[in-house]
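Next comes input.pdb, with PDB, C-alpha atoms.
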```
ATOM      1  CA  MET A   1     -96.761  12.190 -33.764
ATOM      2  CA  ILE A   2     -93.303  12.787 -32.227
ATOM      3  CA  ASN A   3     -91.557  15.974 -33.327
ATOM      4  CA  VAL A   4     -87.804  16.172 -32.648
ATOM      5  CA  GLY A   5     -86.050  19.523 -33.010
ATOM      6  CA  LEU A   6     -82.409  19.661 -34.132
ATOM      7  CA  ASP A   7     -79.940  22.557 -33.966
ATOM      8  CA  ILE A   8     -78.320  22.448 -37.394
ATOM      9  CA  MET A   9     -75.832  25.203 -36.535
ATOM     10  CA  GLY A  10     -74.405  23.621 -33.375
ATOM     11  CA  GLY A  11     -71.110  21.743 -33.298
ATOM     12  CA  ASP A  12     -67.551  22.093 -34.543
ATOM     13  CA  PHE A  13     -68.447  20.649 -37.955
ATOM     14  CA  ALA A  14     -71.856  22.289 -38.407
ATOM     15  CA  PRO A  15     -73.863  22.470 -40.516
ATOM     16  CA  LYS A  16     -72.496  19.571 -42.587
ATOM     17  CA  ALA A  17     -72.216  16.988 -39.780
ATOM     18  CA  SER A  18     -75.708  17.698 -38.430
ATOM     19  CA  LEU A  19     -77.275  17.652 -41.905
ATOM     20  CA  ASP A  20     -75.443  14.426 -42.786
ATOM     21  CA  GLY A  21     -76.853  12.984 -39.553
ATOM     22  CA  VAL A  22     -80.352  13.996 -40.612
ATOM     23  CA  ALA A  23     -79.811  12.396 -44.035
ATOM     24  CA  GLN A  24     -78.762   9.133 -42.367
ATOM     25  CA  SER A  25     -81.755   9.242 -40.010
ATOM     26  CA  LEU A  26     -84.537   9.912 -42.524
ATOM     27  CA  PRO A  27     -84.774   6.333 -43.881
ATOM     28  CA  LEU A  28     -84.896   5.005 -40.315
ATOM     29  CA  LEU A  29     -87.703   7.219 -39.021
ATOM     30  CA  GLY A  30     -91.095   5.727 -38.369
ATOM     31  CA  ASN A  31     -94.177   7.313 -39.892
ATOM     32  CA  ASP A  32     -94.957   8.807 -36.492
ATOM     33  CA  VAL A  33     -91.800  10.977 -36.329
ATOM     34  CA  MET A  34     -91.150  14.480 -37.670
ATOM     35  CA  LEU A  35     -87.908  16.475 -37.572
ATOM     36  CA  THR A  36     -87.839  20.257 -37.130
ATOM     37  CA  LEU A  37     -84.529  21.747 -38.222
ATOM     38  CA  PHE A  38     -83.371  25.089 -36.793
ATOM     39  CA  GLY A  39     -80.719  26.999 -38.708
ATOM     40  CA  HIS A  40     -79.805  28.958 -41.828
ATOM     41  CA  GLU A  41     -82.743  28.158 -44.100
ATOM     42  CA  PRO A  42     -81.007  28.594 -47.510
ATOM     43  CA  THR A  43     -78.195  26.256 -46.428
ATOM     44  CA  ILE A  44     -80.604  23.577 -45.221
ATOM     45  CA  THR A  45     -82.828  23.862 -48.310
ATOM     46  CA  ARG A  46     -79.831  23.693 -50.655
ATOM     47  CA  TYR A  47     -78.501  20.580 -48.877
ATOM     48  CA  PHE A  48     -81.833  18.787 -49.287
ATOM     49  CA  GLU A  49     -81.989  19.711 -52.965
ATOM     50  CA  GLN A  50     -78.391  18.676 -53.685
ATOM     51  CA  HIS A  51     -78.846  15.298 -51.974
ATOM     52  CA  ASN A  52     -82.366  14.746 -53.344
ATOM     53  CA  LEU A  53     -83.748  14.118 -49.850
ATOM     54  CA  PRO A  54     -87.460  13.764 -49.062
ATOM     55  CA  THR A  55     -89.004  16.613 -47.072
ATOM     56  CA  ASN A  56     -92.321  15.037 -46.080
ATOM     57  CA  GLN A  57     -91.067  14.424 -42.513
ATOM     58  CA  VAL A  58     -89.082  17.633 -42.152
ATOM     59  CA  THR A  59     -89.931  21.212 -41.196
ATOM     60  CA  ILE A  60     -87.346  23.971 -41.530
ATOM     61  CA  VAL A  61     -87.369  26.935 -39.137
ATOM     62  CA  GLY A  62     -85.018  29.647 -40.368
ATOM     63  CA  THR A  63     -82.779  31.381 -37.821
ATOM     64  CA  THR A  64     -80.417  34.297 -38.342
ATOM     65  CA  GLN A  65     -77.948  34.038 -35.458
ATOM     66  CA  VAL A  66     -75.462  31.438 -34.184
ATOM     67  CA  VAL A  67     -74.150  30.996 -30.639
ATOM     68  CA  GLU A  68     -70.425  30.374 -30.983
ATOM     69  CA  MET A  69     -68.648  27.787 -28.832
ATOM     70  CA  GLY A  70     -66.575  30.333 -26.903
ATOM     71  CA  GLU A  71     -69.358  32.775 -26.072
ATOM     72  CA  SER A  72     -70.637  33.462 -22.576
ATOM     73  CA  PRO A  73     -73.767  31.265 -22.275
ATOM     74  CA  THR A  74     -76.022  33.735 -20.460
ATOM     75  CA  LYS A  75     -75.005  36.728 -22.584
ATOM     76  CA  ALA A  76     -75.410  34.721 -25.772
ATOM     77  CA  ILE A  77     -78.964  33.661 -24.948
ATOM     78  CA  MET A  78     -79.893  37.243 -23.983
ATOM     79  CA  LYS A  79     -78.236  38.930 -26.964
ATOM     80  CA  LYS A  80     -79.062  36.344 -29.618
ATOM     81  CA  PRO A  81     -82.795  35.604 -29.414
ATOM     82  CA  GLU A  82     -82.801  34.556 -33.087
ATOM     83  CA  SER A  83     -80.090  31.931 -32.698
ATOM     84  CA  SER A  84     -80.799  28.281 -33.472
ATOM     85  CA  ILE A  85     -80.471  27.466 -29.753
ATOM     86  CA  SER A  86     -82.805  30.220 -28.529
ATOM     87  CA  VAL A  87     -85.471  29.660 -31.184
ATOM     88  CA  GLY A  88     -85.321  25.885 -30.804
ATOM     89  CA  MET A  89     -85.666  26.073 -27.032
ATOM     90  CA  LYS A  90     -88.548  28.518 -27.363
ATOM     91  CA  TYR A  91     -90.329  26.040 -29.623
ATOM     92  CA  LEU A  92     -89.702  23.317 -27.055
ATOM     93  CA  GLY A  93     -90.949  25.463 -24.186
ATOM     94  CA  GLU A  94     -94.131  26.201 -26.138
ATOM     95  CA  SER A  95     -94.594  22.469 -26.941
ATOM     96  CA  LYS A  96     -94.260  23.031 -30.691
ATOM     97  CA  ILE A  97     -91.702  20.222 -30.625
ATOM     98  CA  ASP A  98     -91.337  17.300 -28.217
ATOM     99  CA  ALA A  99     -87.543  17.162 -27.810
ATOM    100  CA  TYR A 100     -84.518  19.251 -28.746
ATOM    101  CA  ILE A 101     -80.962  18.300 -29.744
ATOM    102  CA  SER A 102     -77.873  20.496 -30.004
ATOM    103  CA  ALA A 103     -74.134  19.904 -30.252
ATOM    104  CA  GLY A 104     -73.492  23.617 -29.793
ATOM    105  CA  ASN A 105     -72.344  25.660 -26.804
ATOM    106  CA  THR A 106     -73.140  23.373 -23.832
ATOM    107  CA  GLY A 107     -73.530  26.235 -21.369
ATOM    108  CA  ALA A 108     -75.899  28.080 -23.695
ATOM    109  CA  VAL A 109     -78.034  24.972 -24.175
ATOM    110  CA  LEU A 110     -78.192  24.492 -20.402
ATOM    111  CA  VAL A 111     -79.071  28.153 -19.725
ATOM    112  CA  ALA A 112     -81.703  28.175 -22.475
ATOM    113  CA  SER A 113     -83.256  24.969 -21.156
ATOM    114  CA  MET A 114     -83.558  26.470 -17.685
ATOM    115  CA  TYR A 115     -84.994  29.842 -18.779
ATOM    116  CA  LEU A 116     -87.004  28.972 -21.888
ATOM    117  CA  VAL A 117     -88.115  25.408 -21.099
ATOM    118  CA  LYS A 118     -87.999  25.739 -17.275
ATOM    119  CA  VAL A 119     -86.904  23.411 -14.496
ATOM    120  CA  ILE A 120     -89.354  20.842 -13.125
ATOM    121  CA  GLU A 121     -90.785  22.049  -9.836
ATOM    122  CA  GLY A 122     -88.974  20.392  -6.947
ATOM    123  CA  VAL A 123     -85.727  19.871  -8.876
ATOM    124  CA  ILE A 124     -82.984  21.996  -7.309
ATOM    125  CA  ARG A 125     -80.517  21.832 -10.200
ATOM    126  CA  PRO A 126     -80.816  20.038 -13.562
ATOM    127  CA  ALA A 127     -77.984  17.629 -14.336
ATOM    128  CA  ILE A 128     -76.176  16.708 -17.514
ATOM    129  CA  SER A 129     -75.964  12.943 -17.664
ATOM    130  CA  SER A 130     -73.914  10.505 -19.707
ATOM    131  CA  LEU A 131     -74.515   6.906 -20.664
ATOM    132  CA  LEU A 132     -71.842   4.499 -19.459
ATOM    133  CA  PRO A 133     -71.060   1.536 -21.737
ATOM    134  CA  ARG A 134     -70.498  -1.482 -19.512
ATOM    135  CA  MET A 135     -68.407  -4.533 -20.173
ATOM    136  CA  ASN A 136     -71.458  -6.843 -20.217
ATOM    137  CA  GLY A 137     -72.924  -4.966 -23.201
ATOM    138  CA  SER A 138     -75.487  -2.926 -21.254
ATOM    139  CA  TYR A 139     -75.483   0.744 -20.278
ATOM    140  CA  GLY A 140     -75.492   2.622 -16.998
ATOM    141  CA  ILE A 141     -75.736   6.353 -16.378
ATOM    142  CA  LEU A 142     -73.388   8.899 -14.772
ATOM    143  CA  LEU A 143     -74.515  12.331 -13.565
ATOM    144  CA  ASP A 144     -73.672  15.154 -13.264
ATOM    145  CA  VAL A 145     -70.959  15.505 -15.935
ATOM    146  CA  GLY A 146     -70.535  19.256 -16.062
ATOM    147  CA  ALA A 147     -73.533  21.398 -15.196
ATOM    148  CA  ASN A 148     -72.856  21.685 -11.453
ATOM    149  CA  PRO A 149     -69.144  21.675 -10.507
ATOM    150  CA  ASP A 150     -70.041  22.311  -6.864
ATOM    151  CA  SER A 151     -72.981  20.267  -5.588
ATOM    152  CA  LYS A 152     -74.491  20.185  -2.132
ATOM    153  CA  PRO A 153     -75.562  16.876  -0.552
ATOM    154  CA  ASP A 154     -79.269  17.297  -1.371
ATOM    155  CA  VAL A 155     -78.403  18.078  -5.000
ATOM    156  CA  LEU A 156     -76.239  14.958  -5.212
ATOM    157  CA  TYR A 157     -79.158  12.956  -3.865
ATOM    158  CA  GLN A 158     -81.466  14.383  -6.536
ATOM    159  CA  PHE A 159     -78.947  13.334  -9.190
ATOM    160  CA  GLY A 160     -79.352   9.801  -7.881
ATOM    161  CA  VAL A 161     -83.144  10.039  -8.161
ATOM    162  CA  LEU A 162     -83.048  11.553 -11.673
ATOM    163  CA  GLY A 163     -80.593   8.925 -12.843
ATOM    164  CA  SER A 164     -82.683   6.146 -11.335
ATOM    165  CA  LEU A 165     -85.782   7.354 -13.209
ATOM    166  CA  TYR A 166     -83.857   7.495 -16.486
ATOM    167  CA  ALA A 167     -82.388   4.034 -15.955
ATOM    168  CA  LYS A 168     -85.809   2.582 -15.162
ATOM    169  CA  HIS A 169     -87.911   4.198 -17.878
ATOM    170  CA  VAL A 170     -85.440   4.681 -20.747
ATOM    171  CA  LEU A 171     -82.839   1.951 -20.185
ATOM    172  CA  ASN A 172     -85.562  -0.453 -18.954
ATOM    173  CA  ILE A 173     -83.714  -1.516 -15.796
ATOM    174  CA  PRO A 174     -86.472  -2.639 -13.361
ATOM    175  CA  ASN A 175     -84.916  -1.638 -10.022
ATOM    176  CA  PRO A 176     -81.777   0.390 -10.803
ATOM    177  CA  LYS A 177     -78.922   0.166  -8.320
ATOM    178  CA  VAL A 178     -77.639   3.623  -7.362
ATOM    179  CA  GLY A 179     -74.126   4.384  -6.140
ATOM    180  CA  LEU A 180     -72.379   7.535  -4.916
ATOM    181  CA  LEU A 181     -68.971   8.076  -6.516
ATOM    182  CA  ASN A 182     -66.318   8.327  -3.830
ATOM    183  CA  ILE A 183     -62.683   7.561  -2.971
ATOM    184  CA  GLY A 184     -63.635   4.511  -0.924
ATOM    185  CA  GLU A 185     -66.573   2.207  -0.244
ATOM    186  CA  GLU A 186     -66.789   2.996   3.462
ATOM    187  CA  LYS A 187     -69.504   5.392   4.575
ATOM    188  CA  GLU A 188     -66.970   7.644   6.297
ATOM    189  CA  LYS A 189     -64.864   8.173   3.160
ATOM    190  CA  GLY A 190     -64.916  11.250   0.971
ATOM    191  CA  ASN A 191     -65.293  14.990   1.420
ATOM    192  CA  LEU A 192     -67.928  16.730   3.544
ATOM    193  CA  ALA A 193     -70.457  16.804   0.699
ATOM    194  CA  THR A 194     -70.285  13.093  -0.096
ATOM    195  CA  GLN A 195     -70.300  12.129   3.581
ATOM    196  CA  ALA A 196     -73.462  14.163   4.190
ATOM    197  CA  ALA A 197     -75.012  12.925   0.931
ATOM    198  CA  TYR A 198     -74.463   9.306   1.980
ATOM    199  CA  ASP A 199     -76.849   9.750   4.919
ATOM    200  CA  ILE A 200     -79.537  11.181   2.610
ATOM    201  CA  PHE A 201     -79.107   8.370   0.080
ATOM    202  CA  GLU A 202     -79.097   5.715   2.790
ATOM    203  CA  ASN A 203     -82.344   6.918   4.363
ATOM    204  CA  SER A 204     -84.274   7.322   1.114
ATOM    205  CA  SER A 205     -86.987   4.915   0.019
ATOM    206  CA  ARG A 206     -87.140   6.432  -3.490
ATOM    207  CA  ILE A 207     -84.022   4.706  -4.792
ATOM    208  CA  ASN A 208     -82.178   1.413  -4.511
ATOM    209  CA  PHE A 209     -79.009   2.806  -2.939
ATOM    210  CA  THR A 210     -76.163   0.293  -2.664
ATOM    211  CA  GLY A 211     -73.457   2.541  -1.174
ATOM    212  CA  ASN A 212     -70.301   4.242  -2.373
ATOM    213  CA  VAL A 213     -68.599   3.179  -5.588
ATOM    214  CA  GLU A 214     -65.035   3.862  -6.666
ATOM    215  CA  GLY A 215     -63.439   4.753  -9.972
ATOM    216  CA  TYR A 216     -62.819   1.165 -10.993
ATOM    217  CA  ASP A 217     -66.553   0.420 -10.703
ATOM    218  CA  ILE A 218     -67.521   2.915 -13.408
ATOM    219  CA  PHE A 219     -67.689   0.449 -16.311
ATOM    220  CA  SER A 220     -68.867  -2.525 -14.268
ATOM    221  CA  ASP A 221     -72.428  -3.620 -13.547
ATOM    222  CA  LYS A 222     -72.003  -3.131  -9.802
ATOM    223  CA  VAL A 223     -74.450  -0.226 -10.024
ATOM    224  CA  ASP A 224     -76.687   1.180 -12.769
ATOM    225  CA  VAL A 225     -76.565   4.841 -11.718
ATOM    226  CA  ILE A 226     -73.545   6.751 -10.444
ATOM    227  CA  ALA A 227     -74.092  10.152  -8.824
ATOM    228  CA  CYS A 228     -71.328  12.747  -8.466
ATOM    229  CA  ASP A 229     -70.771  16.485  -8.796
ATOM    230  CA  GLY A 230     -70.187  18.016 -12.217
ATOM    231  CA  PHE A 231     -66.483  18.621 -11.648
ATOM    232  CA  VAL A 232     -65.705  14.981 -10.929
ATOM    233  CA  GLY A 233     -68.153  13.728 -13.566
ATOM    234  CA  ASN A 234     -66.642  15.867 -16.297
ATOM    235  CA  VAL A 235     -63.138  14.635 -15.479
ATOM    236  CA  VAL A 236     -64.391  11.031 -15.555
ATOM    237  CA  LEU A 237     -66.166  11.575 -18.877
ATOM    238  CA  LYS A 238     -63.214  13.180 -20.653
ATOM    239  CA  SER A 239     -60.719  10.740 -19.173
ATOM    240  CA  SER A 240     -62.889   7.906 -20.481
ATOM    241  CA  GLU A 241     -62.954   9.459 -23.957
ATOM    242  CA  ALA A 242     -59.164   9.760 -23.903
ATOM    243  CA  LEU A 243     -58.876   6.143 -22.765
ATOM    244  CA  PHE A 244     -61.122   5.028 -25.610
ATOM    245  CA  ARG A 245     -58.980   6.827 -28.188
ATOM    246  CA  THR A 246     -55.927   5.078 -26.793
ATOM    247  CA  MET A 247     -57.591   1.665 -26.631
ATOM    248  CA  LYS A 248     -58.914   1.959 -30.176
ATOM    249  CA  GLU A 249     -55.367   1.555 -31.443
ATOM    250  CA  PHE A 250     -55.046  -1.814 -29.735
ATOM    251  CA  VAL A 251     -58.543  -3.297 -29.370
ATOM    252  CA  GLN A 252     -59.671  -4.883 -32.637
ATOM    253  CA  ASP A 253     -63.015  -6.208 -31.367
ATOM    254  CA  GLU A 254     -65.587  -4.199 -33.358
ATOM    255  CA  GLU A 255     -68.430  -4.787 -30.902
ATOM    256  CA  MET A 256     -66.218  -3.648 -28.018
ATOM    257  CA  GLN A 257     -65.297  -0.501 -29.928
ATOM    258  CA  LYS A 258     -68.964   0.271 -30.562
ATOM    259  CA  ARG A 259     -69.842  -0.045 -26.878
ATOM    260  CA  LEU A 260     -67.079   2.394 -25.955
ATOM    261  CA  ASP A 261     -67.600   4.863 -28.826
ATOM    262  CA  TYR A 262     -69.753   7.907 -27.916
ATOM    263  CA  GLN A 263     -71.068   8.081 -31.501
ATOM    264  CA  TYR A 264     -73.261   5.027 -30.931
ATOM    265  CA  TYR A 265     -75.204   6.583 -28.091
ATOM    266  CA  GLY A 266     -74.981  10.168 -29.298
ATOM    267  CA  GLY A 267     -75.491  12.756 -26.608
ATOM    268  CA  THR A 268     -76.158  13.423 -22.969
ATOM    269  CA  PRO A 269     -79.639  14.266 -21.649
ATOM    270  CA  ILE A 270     -80.250  17.239 -19.370
ATOM    271  CA  LEU A 271     -82.361  15.727 -16.607
ATOM    272  CA  GLY A 272     -84.602  17.932 -14.501
ATOM    273  CA  VAL A 273     -86.045  20.300 -17.137
ATOM    274  CA  ARG A 274     -89.636  20.103 -18.333
ATOM    275  CA  LYS A 275     -88.918  18.671 -21.781
ATOM    276  CA  PRO A 276     -86.356  16.249 -23.262
ATOM    277  CA  VAL A 277     -83.101  18.058 -24.147
ATOM    278  CA  LEU A 278     -79.986  16.326 -25.473
ATOM    279  CA  ILE A 279     -76.504  17.852 -25.665
ATOM    280  CA  GLY A 280     -74.075  16.445 -28.187
ATOM    281  CA  HIS A 281     -70.284  16.469 -28.156
ATOM    282  CA  GLY A 282     -68.842  19.480 -29.975
ATOM    283  CA  VAL A 283     -67.102  17.139 -32.406
ATOM    284  CA  SER A 284     -70.273  15.124 -33.032
ATOM    285  CA  SER A 285     -70.194  13.116 -36.241
ATOM    286  CA  PRO A 286     -73.185  12.342 -38.496
ATOM    287  CA  LEU A 287     -73.502   8.983 -36.708
ATOM    288  CA  ALA A 288     -73.610  10.773 -33.340
ATOM    289  CA  PHE A 289     -76.454  13.010 -34.583
ATOM    290  CA  GLN A 290     -78.295   9.960 -35.882
ATOM    291  CA  SER A 291     -77.904   8.286 -32.477
ATOM    292  CA  MET A 292     -79.102  11.425 -30.663
ATOM    293  CA  ILE A 293     -82.230  11.575 -32.797
ATOM    294  CA  GLN A 294     -83.024   7.972 -31.896
ATOM    295  CA  GLN A 295     -82.295   8.623 -28.212
ATOM    296  CA  ALA A 296     -84.609  11.650 -28.229
ATOM    297  CA  ILE A 297     -87.393   9.556 -29.745
ATOM    298  CA  GLU A 298     -86.928   6.912 -27.035
ATOM    299  CA  MET A 299     -87.031   9.571 -24.303
ATOM    300  CA  VAL A 300     -90.340  10.895 -25.629
ATOM    301  CA  LYS A 301     -91.837   7.425 -26.013
ATOM    302  CA  SER A 302     -90.840   6.473 -22.468
ATOM    303  CA  ASP A 303     -92.785   9.464 -21.065
ATOM    304  CA  LEU A 304     -89.756  10.075 -18.834
ATOM    305  CA  ILE A 305     -90.514  13.732 -18.136
ATOM    306  CA  GLU A 306     -93.952  12.949 -16.698
ATOM    307  CA  LYS A 307     -92.377  10.300 -14.476
ATOM    308  CA  VAL A 308     -89.888  12.888 -13.174
ATOM    309  CA  LYS A 309     -92.653  15.443 -12.609
ATOM    310  CA  THR A 310     -94.689  12.910 -10.649
ATOM    311  CA  THR A 311     -91.660  12.140  -8.471
ATOM    312  CA  PHE A 312     -90.543  15.702  -7.753
ATOM    313  CA  GLU A 313     -93.505  18.056  -8.000
ATOM    314  CA  PRO A 314     -95.598  18.623  -4.870
TER     315      PRO A 314
END
```
Encoded form using structure tokens:
Amino acid sequence: MINVGLDIMGGDFAPKASLDGVAQSLPLLGNDVMLTLFGHEPTITRYFEQHNLPTNQVTIVGTTQVVEMGESPTKAIMKKPESSISVGMKYLGESKIDAYISAGNTGAVLVASMYLVKVIEGVIRPAISSLLPRMNGSYGILLDVGANPDSKPDVLYQFGVLGSLYAKHVLNIPNPKVGLLNIGEEKEKGNLATQAAYDIFENSSRINFTGNVEGYDIFSDKVDVIACDGFVGNVVLKSSEALFRTMKEFVQDEEMQKRLDYQYYGGTPILGVRKPVLIGHGVSSPLAFQSMIQQAIEMVKSDLIEKVKTTFEP
């Protein structure tokens, strides 16, 4: 049985968007999946009653506090132990659930995952990753997209390894090609961190490193995994979202729109912690929550975390 935990109170449109996402997901769940919902119990119970939803695959865990979007992540986790994020992460750390999803305060989710779920031994810094829709209809992965604005060369290399494992075991790419995001393809290009990281990537037998990639390679199939620091990755991610909103006005191809729309792949996994954690966009729609639930199920089924542990732990 797979048990996926969901933060009902997280997101700009919570709790309605998250509960609507649950309602859309329930008919699609296999008999081997349960959902554990963390949030204001009367609100959740009332929603299920009003919409006449089945509860045989749902457990409700009542929480009394909410981490707001603008709060300091560390202070919020310390001062709000009864929040939906803190309680949900505690359940995950104690293996009462198999995965956890939140569209709430990204920093708080990251801090809680590191302190309540713990980082896999050998991983220097967990990374927030993002799926990249590619023009051929497949997906690649970009990391980090915000957790580590300043990343040393060895951390950048670990992003490449984490992304390669995700691409292989979740995206089912047999021998993922890994690239280092840079301002030129030549080995000598870039800042001091990327230049030093190139040597580590190049001399590693753990990954299929193909060299530097540039900005115009992001949506191509030149590589399957793109490693970069969180500052650059976050700019790329948000620029891509802005580009999609602009393109949507002019591109009428529905399939193309789906490949570029974040709602269809949901959220971004935190790679490097000891359990599957997914962070959703603050403006996540019901469809985005539905997609995140499916992505969490696939992460559990792929046994990705054990693969990462085997790779990194002594």
Evaluate the PyMOL selection byres ((chain A and resi 293-296) around 8) against this structure - the residues, as a ChimeraX atom specification, please.
/A:4,25,99-101,265-266,276-278,289-292,297-300
Minimum-distance residue to Ala288 (chain A), chosen among A:Asp7, A:Asp20, A:Asp98, A:Glu41 (using all atoms listed in the file):
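Checking each of A:Asp7, A:Asp20, A:Asp98, A:Glu41 against Ala288 (chain A), counting all atoms listed in the file, the winner is A:Asp20.
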Write out as number ranges by chain each polymer residue whose atoms come within 6 Å of region 225-241 of chain A, counting all atoms listed in the file; drop sequence neighbours fewer than 2 positions from it.
A: 140-149, 151, 159-160, 163, 178-181, 223, 243-244
Tell me which residues the PyMOL selection byres ((chain A and resi 117) around 12) grabs here, as a VMD selection string.
chain A and resid 85 to 100 109 to 116 118 to 120 126 270 272 to 277
Starting from 4 Å padding per side, set up an axis-aligned box that covers all listed atoms of region 266-274 of chain A and hand over centre and edge lengths in Å, one decimal, as lines of an AutoDock Vina configuration file.
```
center_x = -82.3
center_y = 15.2
center_z = -21.9
size_x = 22.7
size_y = 18.1
size_z = 22.8
```
Please measure the separation of CA of Lys79 (chain A) and CA of Gln65 (chain A), giving the value in Å to one decimal.
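Those two atoms sit 9.8 Å apart.
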Which protein, DNA or RNA residues are at most 10 Å from (-82.4, 1.2, -3.6) in the file's coordinates when you count all atoms listed in the file, listed as an NGL selection string?
:A and (161 or 164 or 175-179 or 201-211)
Looking at A:Leu131, A:Asn172, A:Ile279, A:Asn105, which one is nearest to Leu6 (chain A), with distances taken over only C-alpha atoms?
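Residue with the minimum atom-to-atom distance to Leu6 (chain A): A:Ile279.
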Just give me the gap between CA of Ile60 (chain A) and CA of Ser83 (chain A) in Å, one decimal is fine.
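Taking CA of Ile60 (chain A) and CA of Ser83 (chain A), their separation equals 13.9 Å.
Atom to atom, CA of Gly190 (chain A) and CA of Val155 (chain A) stand 16.3 Å apart.
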